[in-house]
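**Student:** Sending over a structure as structure tokens; questions will come in a sec.
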Amino acid sequence: MNQLLGNCTVVDARALPVKDAGVWITGDRITAVGPYGEIASRARAAGPVVERDMGGAFVTPGLANMHTHFSLSLPGGGGNAVKDMGPHDLALYMADGARRTLDCGVTTVRNVAEKDHADFALRRAINAGRAVGPRMYTAGRALVCTGGHGHESGDTMECDGPVGFRHGVRSQIKAGADLIKVMISGGLAGEHEAISTPQLFADEMAAVIETAHAWGRKVTAHAGPAEVIGAAVELGLDCVEHGYQLTPQVAARMAEKGTALVPTLLVTRCKEFFDELGVPEWMQCRSLGAGPRHIESFQMALEAGVEILLGSDMPPFWSFEGTNATVRELENLAEHLGPERALHAGTRGPIRWLGLEKDLGTVEEGKYADLIAMDADPLDDTSAFRGVRFVMKGGVVSREDQR
Ligand SMILES: [Zn+2]
């Protein structure tokens with residue numbers, strides 16, 4: 001099927017916006033983008049075409065959220081309800097989250113710890129068209145040491161020693177993991193640890209990274225303290241989650257080695273979300289108390305030139321401060337990066353990290369038609385994404401609000 005989007009401005013993180021643009025889509029991919037008149041006549045000459053007036057909208061690539069959990073269960077009542085779900089309830093709960101996520105304009109997610117391998121079933125269902133959701137790239141269970149960060153539920157696998165961690169990596173890849181997630185320090189949600197607790201020895205981190213790389217999988221690490229991050233970066237770590245306590249020296253090494261940072265700024269500034277879930281006082285204190293150092297750390301990474309990527313940690317679709325968690329985090333990034341770099345951090349940057357640049361990340365000939373539209377200009381103000389009213393993934397429209 002041929003489709004043509006008209007009366008729109010195309011914006012991506014690559015080139016200047018195309019005003020009065022036409023986007024010609026054939027099947028699931030973009031055939032051509034350019035001035036409307038030219039594109040429309042080419043599309044019409046090729047055969048029947050479904051034309052859509054975008055009403056002056058700004059069309060961008062779909063967002064990519066690099067730190068997602070569809071089965072998140074924080075300490076407290078809300079989290080316990082998810083933790084107590086049986087496999088059938090859990091799978092349906094996650095599928096509902098996936099559908100809501102796509103509705104927010106998030107067409108790609110990177111899942112970095114999901115329970116009981118239900119993520120692989122969900123990914124299969126989405127890819128087969130049996131469930132609606134974003135393109136999923138998932139780590140399966142995150143690897144942790146015995147008693148380590150997140151060990152309390154089925155979204156982690158406890159491993160010890162280099163042999164144990166090699167087995168952990170291989171078992172996630174065997175189940176279908178696209179990447180590996182490992183917890184190398186404590187975090188906000190562990191009762192018996194601090195953010196600064198180192199959790200893996202160097203030989204264990206090396207085992208994870210070497211084994212994953214041998215199988216062509218990247219590794220991302222939940223990590224707080226600079227010393228732990230520094231050691232992992234030297235061993236070839238591909239990405240850092242949170243990075244609560246970086247130093248300028250470690251940030252500089254990340255930039256040199258090409259290690260990306262997904263700062264998840266939301267997690268130290270989301271009291272409303274914690275209250276909603278009944279998150280206990282000790283965790284709230286630790287999270288919100290870590291906020292100022294977290295921002296300082298993020299600014300060090302920015303100054304050093306580290307690649308910054310969008311990731312919410314909160315479920316990507318969660319209603320929060322008048323929008324959803326993904327857009328709220330993108331606004332957090334934009335406050336420091338500005339709208340142009342924020343657009344990169346939410347689209348092209350993640351897609352590059354995932355190795356999908358050939359197919360996604362920009363509005364370009366030959367790529368999948370993963371497109372979203374909004375009335376305001378996201379290069380003026382990132383809050384434009386609050387107004388996403390049209391979502392297309394692979395040429396299929398999943399949301400089109402009546403105006
Ligand atoms: Zn997380």
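Each chain in the structure tokens gets a letter, A, B and so on, in the order shown; residues start at 1 in every chain, and ligands are counted from 1 in the order they appear.
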Please extract the residues at most 9 Å from ligand 1, counting only C-alpha atoms and all ligand atoms, and provide them as a list in words, using the chain letters and residue numbers of this document.
**Tutor:** His67, Thr68, His69, Leu72, Asn111, Val112, Ala113, His222, Glu241, His242, Thr264, Val267, Gly311, Ser312, Asp313 and Met314 of chain A
**Student:** Take the residues from that selection and write them out as a short mmCIF file (atom, residue, chain, number, x, y, z; two decimals), in the first residue's frame, keeping N, CA, C and O atoms.
**Tutor:**
```cif
data_model
loop_
_atom_site.label_atom_id
_atom_site.label_comp_id
_atom_site.auth_asym_id
_atom_site.auth_seq_id
_atom_site.Cartn_x
_atom_site.Cartn_y
_atom_site.Cartn_z
N HIS A 67 15.77 3.02 28.65
CA HIS A 67 15.75 2.38 29.98
C HIS A 67 14.30 2.14 30.37
O HIS A 67 13.63 3.00 30.93
N THR A 68 13.83 0.96 30.01
CA THR A 68 12.43 0.62 30.16
C THR A 68 12.28 -0.67 30.95
O THR A 68 13.07 -1.58 30.79
N HIS A 69 11.25 -0.68 31.83
CA HIS A 69 10.82 -1.94 32.45
C HIS A 69 9.30 -2.00 32.35
O HIS A 69 8.62 -1.16 32.93
N LEU A 72 8.21 -3.51 36.02
CA LEU A 72 8.85 -2.87 37.19
C LEU A 72 8.06 -3.13 38.47
O LEU A 72 6.85 -2.99 38.50
N ASN A 111 14.63 -2.74 26.83
CA ASN A 111 14.21 -3.25 28.13
C ASN A 111 15.45 -3.74 28.87
O ASN A 111 16.20 -4.54 28.35
N VAL A 112 15.61 -3.22 30.09
CA VAL A 112 16.86 -3.52 30.82
C VAL A 112 16.56 -4.21 32.15
O VAL A 112 16.98 -3.74 33.19
N ALA A 113 15.86 -5.30 32.11
CA ALA A 113 15.48 -6.20 33.21
C ALA A 113 13.97 -6.35 33.20
O ALA A 113 13.23 -5.42 33.51
N HIS A 222 23.93 -0.97 35.30
CA HIS A 222 23.41 -0.13 36.37
C HIS A 222 24.61 0.24 37.24
O HIS A 222 25.28 -0.67 37.74
N GLU A 241 23.98 3.15 33.09
CA GLU A 241 22.64 3.57 33.51
C GLU A 241 22.78 4.39 34.80
O GLU A 241 23.51 3.98 35.71
N HIS A 242 22.06 5.45 34.89
CA HIS A 242 22.02 6.35 36.06
C HIS A 242 23.30 7.19 36.21
O HIS A 242 23.25 8.39 36.08
N THR A 264 18.69 8.77 33.28
CA THR A 264 17.43 8.53 34.01
C THR A 264 17.23 9.55 35.13
O THR A 264 17.02 9.19 36.29
N VAL A 267 14.54 9.37 38.13
CA VAL A 267 14.47 8.49 39.29
C VAL A 267 14.86 9.18 40.60
O VAL A 267 14.56 8.66 41.67
N GLY A 311 16.21 7.76 28.63
CA GLY A 311 15.74 6.55 29.30
C GLY A 311 15.00 6.96 30.55
O GLY A 311 15.48 7.78 31.32
N SER A 312 13.80 6.41 30.76
CA SER A 312 12.95 6.91 31.85
C SER A 312 13.06 6.10 33.14
O SER A 312 12.79 6.61 34.21
N ASP A 313 13.41 4.82 33.04
CA ASP A 313 13.37 3.87 34.17
C ASP A 313 11.91 3.68 34.63
O ASP A 313 11.44 2.56 34.70
N MET A 314 11.21 4.74 34.95
CA MET A 314 9.77 4.63 35.21
C MET A 314 9.12 4.01 33.97
O MET A 314 9.61 4.22 32.87
#
```
**Student:** Write out as a list in words the residues lying within 10 Å of Tyr36 of chain A, counting only C-alpha atoms and excluding same-chain residues fewer than 5 positions away.
**Tutor:**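 These residues fall inside the cut-off: Leu4, Leu5, Gly6, Asn7, Cys8, Thr9, Val18, Lys19, Asp20, Ala21, Gly22, Val23, Trp24, Ser41 and Arg42 of chain A.
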**Student:** Per residue of segment 179-280 of chain A within 10 Å of segment 293-304 of chain A, note the shortest atom pair and the distance in Å to one decimal, counting only C-alpha atoms, and order the rows by chain and increasing residue number, as a Markdown table.
**Tutor:**
```
| residue | atom | partner | partner_atom | distance |
| --- | --- | --- | --- | --- |
| A:Gly224 | CA | A:His294 | CA | 9.0 |
| A:Pro225 | CA | A:Ser297 | CA | 10.0 |
| A:Ala226 | CA | A:Ser297 | CA | 9.3 |
| A:His242 | CA | A:His294 | CA | 7.9 |
| A:Gly243 | CA | A:Ser297 | CA | 7.0 |
| A:Tyr244 | CA | A:His294 | CA | 4.5 |
| A:Gln245 | CA | A:Ser297 | CA | 5.5 |
| A:Leu246 | CA | A:Ser297 | CA | 4.9 |
| A:Thr247 | CA | A:Ser297 | CA | 6.7 |
| A:Pro248 | CA | A:Met300 | CA | 5.5 |
| A:Gln249 | CA | A:Ala304 | CA | 8.7 |
| A:Val250 | CA | A:Ala301 | CA | 8.7 |
| A:Ala251 | CA | A:Ala301 | CA | 5.1 |
| A:Ala252 | CA | A:Ala304 | CA | 5.1 |
| A:Arg253 | CA | A:Ala304 | CA | 8.6 |
| A:Met254 | CA | A:Ala301 | CA | 8.2 |
| A:Ala255 | CA | A:Ala304 | CA | 6.3 |
| A:Glu256 | CA | A:Ala304 | CA | 8.9 |
| A:Ala260 | CA | A:Ala301 | CA | 9.5 |
| A:Leu261 | CA | A:Ala301 | CA | 7.9 |
| A:Val262 | CA | A:Phe298 | CA | 9.4 |
| A:Pro263 | CA | A:Phe298 | CA | 6.7 |
| A:Thr264 | CA | A:His294 | CA | 9.5 |
| A:Leu265 | CA | A:His294 | CA | 7.4 |
| A:Val267 | CA | A:His294 | CA | 9.7 |
| A:Thr268 | CA | A:His294 | CA | 7.6 |
```
**Student:** As a CSV table (one decimal) with all heavy atoms, in the first residue's frame, please: all residues of segment 53-195 of chain A that backbone DSSP puts in strand (DSSP E).
**Tutor:**
```csv
chain,number,residue,atom,x,y,z
A,53,ASP,N,-3.8,14.4,5.2
A,53,ASP,CA,-3.5,15.8,5.5
A,53,ASP,C,-3.1,15.9,7.0
A,53,ASP,O,-3.9,15.6,7.9
A,53,ASP,CB,-4.7,16.6,5.3
A,53,ASP,CG,-4.4,18.1,5.5
A,53,ASP,OD1,-3.5,18.5,6.3
A,53,ASP,OD2,-5.1,19.0,4.8
A,54,MET,N,-1.8,16.2,7.3
A,54,MET,CA,-1.3,16.2,8.7
A,54,MET,C,-1.7,17.5,9.4
A,54,MET,O,-1.2,17.7,10.6
A,54,MET,CB,0.2,16.0,8.7
A,54,MET,CG,0.6,14.6,8.1
A,54,MET,SD,-0.2,13.2,8.9
A,54,MET,CE,0.7,13.2,10.5
A,55,GLY,N,-2.4,18.4,8.8
A,55,GLY,CA,-2.9,19.6,9.4
A,55,GLY,C,-1.8,20.5,9.9
A,55,GLY,O,-1.9,21.1,11.0
A,56,GLY,N,-0.7,20.6,9.2
A,56,GLY,CA,0.4,21.5,9.6
A,56,GLY,C,1.3,21.0,10.7
A,56,GLY,O,2.0,21.7,11.3
A,57,ALA,N,1.2,19.7,11.0
A,57,ALA,CA,1.9,19.1,12.1
A,57,ALA,C,3.4,19.0,11.8
A,57,ALA,O,3.9,19.1,10.7
A,57,ALA,CB,1.4,17.7,12.4
A,58,PHE,N,4.2,18.8,12.9
A,58,PHE,CA,5.6,18.5,12.8
A,58,PHE,C,5.7,17.0,13.0
A,58,PHE,O,5.2,16.4,13.9
A,58,PHE,CB,6.4,19.2,14.0
A,58,PHE,CG,6.4,20.7,13.8
A,58,PHE,CD1,5.3,21.5,14.1
A,58,PHE,CD2,7.5,21.3,13.1
A,58,PHE,CE1,5.4,22.9,13.9
A,58,PHE,CE2,7.6,22.7,12.9
A,58,PHE,CZ,6.5,23.5,13.3
A,59,VAL,N,6.4,16.4,12.0
A,59,VAL,CA,6.6,15.0,11.9
A,59,VAL,C,8.0,14.6,12.3
A,59,VAL,O,9.0,15.2,11.7
A,59,VAL,CB,6.2,14.4,10.6
A,59,VAL,CG1,6.6,12.9,10.4
A,59,VAL,CG2,4.7,14.7,10.3
A,60,THR,N,8.2,13.8,13.3
A,60,THR,CA,9.5,13.4,13.7
A,60,THR,C,9.6,11.8,13.7
A,60,THR,O,8.6,11.2,13.6
A,60,THR,CB,9.9,13.9,15.1
A,60,THR,OG1,9.2,13.1,16.1
A,60,THR,CG2,9.6,15.3,15.3
A,61,PRO,N,10.8,11.3,13.8
A,61,PRO,CA,10.9,9.8,14.0
A,61,PRO,C,10.3,9.5,15.4
A,61,PRO,O,10.2,10.4,16.3
A,61,PRO,CB,12.4,9.6,14.1
A,61,PRO,CG,13.1,10.8,13.7
A,61,PRO,CD,12.2,11.9,13.8
A,63,LEU,N,10.0,8.2,19.2
A,63,LEU,CA,11.0,8.2,20.2
A,63,LEU,C,11.5,6.8,20.6
A,63,LEU,O,10.8,5.8,20.4
A,63,LEU,CB,10.4,8.8,21.5
A,63,LEU,CG,10.0,10.3,21.3
A,63,LEU,CD1,9.2,10.8,22.6
A,63,LEU,CD2,11.2,11.2,21.1
A,64,ALA,N,12.7,6.8,21.1
A,64,ALA,CA,13.3,5.5,21.6
A,64,ALA,C,13.7,5.7,23.0
A,64,ALA,O,14.5,6.6,23.4
A,64,ALA,CB,14.6,5.2,20.7
A,65,ASN,N,13.1,4.9,23.9
A,65,ASN,CA,13.4,4.9,25.3
A,65,ASN,C,14.3,3.8,25.7
A,65,ASN,O,13.9,2.6,25.6
A,65,ASN,CB,12.0,4.8,26.1
A,65,ASN,CG,12.2,5.1,27.6
A,65,ASN,OD1,13.2,4.8,28.2
A,65,ASN,ND2,11.1,5.7,28.1
A,66,MET,N,15.5,4.2,26.2
A,66,MET,CA,16.6,3.2,26.4
A,66,MET,C,16.6,2.6,27.8
A,66,MET,O,17.5,1.7,28.0
A,66,MET,CB,17.9,3.9,26.1
A,66,MET,CG,18.1,4.3,24.7
A,66,MET,SD,18.4,2.8,23.6
A,66,MET,CE,20.1,2.6,23.7
A,67,HIS,N,15.8,3.0,28.7
A,67,HIS,CA,15.7,2.4,30.0
A,67,HIS,C,14.3,2.1,30.4
A,67,HIS,O,13.6,3.0,30.9
A,67,HIS,CB,16.5,3.2,31.0
A,67,HIS,CG,16.7,2.5,32.3
A,67,HIS,ND1,18.0,2.4,32.9
A,67,HIS,CD2,15.9,1.8,33.1
A,67,HIS,CE1,17.9,1.7,34.0
A,67,HIS,NE2,16.6,1.3,34.2
A,68,THR,N,13.8,1.0,30.0
A,68,THR,CA,12.4,0.6,30.2
A,68,THR,C,12.3,-0.7,31.0
A,68,THR,O,13.1,-1.6,30.8
A,68,THR,CB,11.8,0.4,28.8
A,68,THR,OG1,12.1,1.5,27.9
A,68,THR,CG2,10.4,0.2,28.8
A,106,VAL,N,6.4,6.4,21.5
A,106,VAL,CA,7.7,5.7,21.7
A,106,VAL,C,7.6,4.4,20.8
A,106,VAL,O,6.8,3.5,21.1
A,106,VAL,CB,7.9,5.3,23.2
A,106,VAL,CG1,9.1,4.5,23.4
A,106,VAL,CG2,7.9,6.5,24.1
A,107,THR,N,8.4,4.4,19.7
A,107,THR,CA,8.3,3.3,18.8
A,107,THR,C,9.4,2.3,19.0
A,107,THR,O,9.3,1.2,18.3
A,107,THR,CB,8.3,3.8,17.3
A,107,THR,OG1,9.4,4.7,17.2
A,107,THR,CG2,7.0,4.6,17.0
A,108,THR,N,10.4,2.6,19.8
A,108,THR,CA,11.4,1.6,20.1
A,108,THR,C,11.7,1.7,21.6
A,108,THR,O,11.8,2.8,22.2
A,108,THR,CB,12.7,2.0,19.3
A,108,THR,OG1,12.4,2.0,17.9
A,108,THR,CG2,13.8,1.0,19.6
A,109,VAL,N,11.9,0.6,22.2
A,109,VAL,CA,12.3,0.5,23.6
A,109,VAL,C,13.5,-0.4,23.8
A,109,VAL,O,13.6,-1.4,23.1
A,109,VAL,CB,11.2,0.1,24.6
A,109,VAL,CG1,10.1,1.1,24.7
A,109,VAL,CG2,10.6,-1.3,24.3
A,110,ARG,N,14.3,-0.1,24.8
A,110,ARG,CA,15.3,-1.0,25.2
A,110,ARG,C,15.0,-1.5,26.7
A,110,ARG,O,14.9,-0.6,27.6
A,110,ARG,CB,16.7,-0.4,25.2
A,110,ARG,CG,17.9,-1.3,25.4
A,110,ARG,CD,19.2,-0.6,25.5
A,110,ARG,NE,19.3,0.2,26.7
A,110,ARG,CZ,20.4,0.7,27.2
A,110,ARG,NH1,21.5,0.6,26.5
A,110,ARG,NH2,20.4,1.4,28.3
A,111,ASN,N,14.6,-2.7,26.8
A,111,ASN,CA,14.2,-3.3,28.1
A,111,ASN,C,15.4,-3.7,28.9
A,111,ASN,O,16.2,-4.5,28.3
A,111,ASN,CB,13.2,-4.4,28.0
A,111,ASN,CG,12.0,-4.0,27.2
A,111,ASN,OD1,12.1,-3.8,26.0
A,111,ASN,ND2,10.9,-3.9,27.8
A,135,ARG,N,9.0,-1.5,19.0
A,135,ARG,CA,10.0,-2.4,18.7
A,135,ARG,C,10.8,-2.6,20.0
A,135,ARG,O,11.2,-1.7,20.6
A,135,ARG,CB,11.0,-1.9,17.6
A,135,ARG,CG,10.2,-1.6,16.3
A,135,ARG,CD,11.2,-1.0,15.3
A,135,ARG,NE,10.4,-0.5,14.2
A,135,ARG,CZ,9.9,-1.1,13.1
A,135,ARG,NH1,10.1,-2.4,13.0
A,135,ARG,NH2,9.1,-0.6,12.2
A,136,MET,N,10.9,-3.9,20.4
A,136,MET,CA,11.6,-4.2,21.7
A,136,MET,C,13.0,-4.8,21.5
A,136,MET,O,13.1,-5.7,20.8
A,136,MET,CB,10.7,-5.2,22.5
A,136,MET,CG,9.6,-4.7,23.2
A,136,MET,SD,8.6,-6.0,24.0
A,136,MET,CE,9.8,-6.7,25.2
A,137,TYR,N,13.9,-4.2,22.2
A,137,TYR,CA,15.3,-4.8,22.3
A,137,TYR,C,15.5,-5.0,23.7
A,137,TYR,O,15.5,-4.1,24.6
A,137,TYR,CB,16.3,-3.8,21.6
A,137,TYR,CG,16.0,-3.7,20.2
A,137,TYR,CD1,15.1,-2.8,19.7
A,137,TYR,CD2,16.5,-4.6,19.3
A,137,TYR,CE1,14.7,-2.8,18.3
A,137,TYR,CE2,16.2,-4.6,17.9
A,137,TYR,CZ,15.3,-3.7,17.5
A,137,TYR,OH,14.9,-3.7,16.2
A,138,THR,N,15.7,-6.3,24.1
A,138,THR,CA,15.6,-6.6,25.5
A,138,THR,C,16.8,-7.4,26.0
A,138,THR,O,17.4,-8.2,25.3
A,138,THR,CB,14.3,-7.3,25.8
A,138,THR,OG1,14.2,-7.5,27.2
A,138,THR,CG2,14.2,-8.6,25.1
A,142,ALA,N,18.4,-9.1,34.3
A,142,ALA,CA,19.6,-8.4,34.5
A,142,ALA,C,20.5,-9.3,35.4
A,142,ALA,O,20.0,-10.1,36.3
A,142,ALA,CB,19.4,-7.1,35.2
A,143,LEU,N,21.8,-9.3,35.2
A,143,LEU,CA,22.7,-10.1,36.0
A,143,LEU,C,23.1,-9.4,37.3
A,143,LEU,O,23.5,-8.2,37.2
A,143,LEU,CB,23.9,-10.5,35.2
A,143,LEU,CG,23.6,-11.1,33.8
A,143,LEU,CD1,24.9,-11.5,33.1
A,143,LEU,CD2,22.7,-12.4,33.9
A,144,VAL,N,23.0,-10.0,38.4
A,144,VAL,CA,23.4,-9.4,39.7
A,144,VAL,C,24.2,-10.5,40.5
A,144,VAL,O,24.1,-11.7,40.3
A,144,VAL,CB,22.2,-9.0,40.6
A,144,VAL,CG1,21.4,-8.0,39.9
A,144,VAL,CG2,21.3,-10.2,40.9
A,145,CYS,N,25.0,-10.0,41.4
A,145,CYS,CA,25.7,-10.9,42.4
A,145,CYS,C,24.6,-11.4,43.4
A,145,CYS,O,23.5,-10.7,43.5
A,145,CYS,CB,26.8,-10.2,43.1
A,145,CYS,SG,26.4,-8.9,44.1
A,156,THR,N,15.8,-10.4,37.7
A,156,THR,CA,17.3,-10.5,37.7
A,156,THR,C,17.7,-12.0,37.9
A,156,THR,O,16.9,-12.9,38.2
A,156,THR,CB,17.8,-9.8,39.0
A,156,THR,OG1,17.1,-10.2,40.1
A,156,THR,CG2,17.7,-8.3,38.8
A,157,MET,N,19.0,-12.3,37.6
A,157,MET,CA,19.5,-13.6,37.8
A,157,MET,C,20.8,-13.5,38.6
A,157,MET,O,21.7,-12.7,38.3
A,157,MET,CB,19.9,-14.2,36.4
A,157,MET,CG,20.6,-15.5,36.5
A,157,MET,SD,21.0,-16.1,34.8
A,157,MET,CE,21.9,-17.6,35.2
A,158,GLU,N,20.8,-14.2,39.7
A,158,GLU,CA,22.0,-14.1,40.6
A,158,GLU,C,23.1,-15.0,40.1
A,158,GLU,O,22.9,-16.1,39.7
A,158,GLU,CB,21.6,-14.5,42.0
A,158,GLU,CG,20.7,-13.5,42.7
A,158,GLU,CD,20.4,-13.9,44.1
A,158,GLU,OE1,20.1,-15.1,44.4
A,158,GLU,OE2,20.3,-13.0,45.0
A,159,CYS,N,24.3,-14.4,40.0
A,159,CYS,CA,25.5,-15.1,39.5
A,159,CYS,C,26.7,-14.7,40.5
A,159,CYS,O,26.6,-13.7,41.1
A,159,CYS,CB,25.9,-14.6,38.1
A,159,CYS,SG,24.6,-14.5,36.9
A,180,ILE,N,23.0,-7.2,27.1
A,180,ILE,CA,23.2,-7.7,28.5
A,180,ILE,C,23.1,-6.5,29.4
A,180,ILE,O,23.7,-5.5,29.2
A,180,ILE,CB,24.5,-8.5,28.6
A,180,ILE,CG1,24.5,-9.8,27.8
A,180,ILE,CG2,24.8,-8.8,30.1
A,180,ILE,CD1,23.4,-10.8,28.1
A,181,LYS,N,22.4,-6.7,30.5
A,181,LYS,CA,22.3,-5.7,31.6
A,181,LYS,C,22.9,-6.3,32.8
A,181,LYS,O,22.6,-7.4,33.2
A,181,LYS,CB,20.8,-5.3,31.8
A,181,LYS,CG,20.6,-4.5,33.1
A,181,LYS,CD,20.8,-3.1,33.0
A,181,LYS,CE,20.5,-2.3,34.3
A,181,LYS,NZ,19.1,-2.2,34.6
A,182,VAL,N,23.8,-5.6,33.4
A,182,VAL,CA,24.4,-6.1,34.7
A,182,VAL,C,24.4,-5.0,35.7
A,182,VAL,O,24.5,-3.8,35.4
A,182,VAL,CB,25.9,-6.6,34.4
A,182,VAL,CG1,26.7,-5.5,33.8
A,182,VAL,CG2,26.5,-7.2,35.6
A,183,MET,N,24.2,-5.4,36.9
A,183,MET,CA,24.2,-4.4,38.1
A,183,MET,C,25.6,-4.5,38.7
A,183,MET,O,25.9,-5.5,39.3
A,183,MET,CB,23.1,-4.8,39.1
A,183,MET,CG,21.8,-5.2,38.5
A,183,MET,SD,20.9,-3.8,37.8
A,183,MET,CE,19.2,-4.4,38.0
```
**Student:** Given only C-alpha atoms, how would the per-residue table for segment 108-203 of chain A near segment 279-290 of chain A read, listing every residue at most 12 Å away with its closest atom pair and distance in Å to one decimal, sorted by chain and number, as a Markdown table?
**Tutor:**
```
| residue | atom | partner | partner_atom | distance |
| --- | --- | --- | --- | --- |
| A:Gly186 | CA | A:Arg286 | CA | 11.7 |
| A:Gly187 | CA | A:Ser287 | CA | 8.8 |
| A:Leu188 | CA | A:Ser287 | CA | 5.6 |
| A:Ala189 | CA | A:Met283 | CA | 5.9 |
| A:Gly190 | CA | A:Met283 | CA | 8.0 |
| A:Glu191 | CA | A:Met283 | CA | 7.7 |
| A:His192 | CA | A:Trp282 | CA | 11.0 |
| A:Glu193 | CA | A:Arg286 | CA | 10.9 |
| A:Ala194 | CA | A:Arg286 | CA | 8.7 |
| A:Ile195 | CA | A:Arg286 | CA | 8.6 |
| A:Ser196 | CA | A:Ala290 | CA | 11.1 |
```
**Student:** Identify which of the residues A:Arg166, A:Thr259, A:Ser171, A:Leu237 lies closest to Val208 of chain A, counting only C-alpha atoms when measuring atom-to-atom distances.
**Tutor:** A:Arg166
**Student:** Among segment 264-374 of chain A, which residues carry a DSSP assignment of alpha helix (DSSP H), reported as a ChimeraX atom specification?
**Tutor:** /A:271-277,281-289,291-304,325-337,339-346,348-353
**Student:** Find the residues near Ala81 of chain A: any atom within 12 Å, counting only C-alpha atoms, skip ones fewer than 5 places away on the same chain, and give them as a PyMOL selection string.
**Tutor:** chain A and resi 71-76+86+89-90+93+277-278
**Student:** Would you output that residue set with N, CA and C atoms, as a PDB file, in the first residue's frame?
**Tutor:**
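Result went into result_3.pdb, see below:
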```pdb
ATOM      1  N   SER A  71       7.767  -4.565  33.555  1.00  0.00           N
ATOM      2  CA  SER A  71       7.366  -5.363  34.726  1.00  0.00           C
ATOM      3  C   SER A  71       7.986  -4.817  36.008  1.00  0.00           C
ATOM      4  N   LEU A  72       8.212  -3.507  36.021  1.00  0.00           N
ATOM      5  CA  LEU A  72       8.851  -2.873  37.187  1.00  0.00           C
ATOM      6  C   LEU A  72       8.064  -3.128  38.468  1.00  0.00           C
ATOM      7  N   SER A  73       8.782  -3.500  39.543  1.00  0.00           N
ATOM      8  CA  SER A  73       8.133  -3.607  40.854  1.00  0.00           C
ATOM      9  C   SER A  73       9.060  -3.027  41.912  1.00  0.00           C
ATOM     10  N   LEU A  74       8.838  -1.770  42.246  1.00  0.00           N
ATOM     11  CA  LEU A  74       9.616  -1.124  43.302  1.00  0.00           C
ATOM     12  C   LEU A  74       9.110  -1.611  44.660  1.00  0.00           C
ATOM     13  N   PRO A  75       9.908  -1.419  45.710  1.00  0.00           N
ATOM     14  CA  PRO A  75       9.396  -1.738  47.051  1.00  0.00           C
ATOM     15  C   PRO A  75       8.095  -0.963  47.317  1.00  0.00           C
ATOM     16  N   GLY A  76       7.155  -1.610  48.016  1.00  0.00           N
ATOM     17  CA  GLY A  76       5.890  -0.934  48.335  1.00  0.00           C
ATOM     18  C   GLY A  76       4.706  -1.650  47.702  1.00  0.00           C
ATOM     19  N   GLY A  86       0.855 -13.879  38.666  1.00  0.00           N
ATOM     20  CA  GLY A  86       1.243 -15.130  38.013  1.00  0.00           C
ATOM     21  C   GLY A  86       1.667 -14.830  36.585  1.00  0.00           C
ATOM     22  N   ASP A  89      -1.101 -13.187  34.138  1.00  0.00           N
ATOM     23  CA  ASP A  89      -1.403 -11.794  34.475  1.00  0.00           C
ATOM     24  C   ASP A  89      -0.226 -10.888  34.112  1.00  0.00           C
ATOM     25  N   LEU A  90       0.975 -11.387  34.402  1.00  0.00           N
ATOM     26  CA  LEU A  90       2.165 -10.580  34.136  1.00  0.00           C
ATOM     27  C   LEU A  90       2.302 -10.288  32.639  1.00  0.00           C
ATOM     28  N   TYR A  93      -0.276  -7.767  31.626  1.00  0.00           N
ATOM     29  CA  TYR A  93       0.069  -6.459  32.200  1.00  0.00           C
ATOM     30  C   TYR A  93       1.163  -5.794  31.362  1.00  0.00           C
ATOM     31  N   LEU A 277       2.821   4.678  44.211  1.00  0.00           N
ATOM     32  CA  LEU A 277       3.118   3.257  44.356  1.00  0.00           C
ATOM     33  C   LEU A 277       3.298   2.825  45.802  1.00  0.00           C
ATOM     34  N   GLY A 278       3.226   3.772  46.729  1.00  0.00           N
ATOM     35  CA  GLY A 278       3.447   3.438  48.132  1.00  0.00           C
ATOM     36  C   GLY A 278       4.884   3.048  48.437  1.00  0.00           C
TER      37      GLY A 278
END
```
**Student:** Find the spatial neighbours of segment 216-218 of chain A, counting only C-alpha atoms, within a cut-off of 10 Å - ignore same-chain residues fewer than 6 positions away - and output them as an MDAnalysis selection string.
**Tutor:** chainID A and resid 139 169 173 177:181 209:210 236:239 353:355
**Student:** Report, in Å to a single decimal, how far apart atom CA of Ile39 of chain A and atom CA of Gly395 of chain A are.
**Tutor:**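 Atom CA of Ile39 of chain A lies at a distance of 16.8 Å from atom CA of Gly395 of chain A.
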**Student:** Find the residues near Glu204 of chain A: any atom within 7 Å, counting only C-alpha atoms, skip ones fewer than 6 places away on the same chain, and give them as a PyMOL selection string.
**Tutor:** chain A and resi 161-162+165
**Student:** Save out the residues we just selected, N, CA, C and O atoms, as a compact mmCIF listing (two decimals), in the first residue's frame.
**Tutor:**
```
# COMPACT_ATOMS: atom_id res chain seq x y z
N GLY A 161 31.10 -15.04 40.74
CA GLY A 161 32.37 -15.47 40.16
C GLY A 161 32.33 -15.36 38.65
O GLY A 161 31.25 -15.32 38.05
N PRO A 162 33.51 -15.32 38.02
CA PRO A 162 33.54 -15.18 36.55
C PRO A 162 32.81 -16.32 35.84
O PRO A 162 32.13 -16.09 34.84
N PHE A 165 29.09 -15.62 36.08
CA PHE A 165 28.64 -14.51 35.23
C PHE A 165 28.70 -14.88 33.74
O PHE A 165 27.85 -14.45 32.97
```
**Student:** With only C-alpha atoms as the atoms that count, which of A:Val240, A:Val50, A:Ala98, A:Leu337 lies nearest to Gln3 of chain A?
**Tutor:**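 For Gln3 of chain A, the nearest of the candidates is A:Val50.
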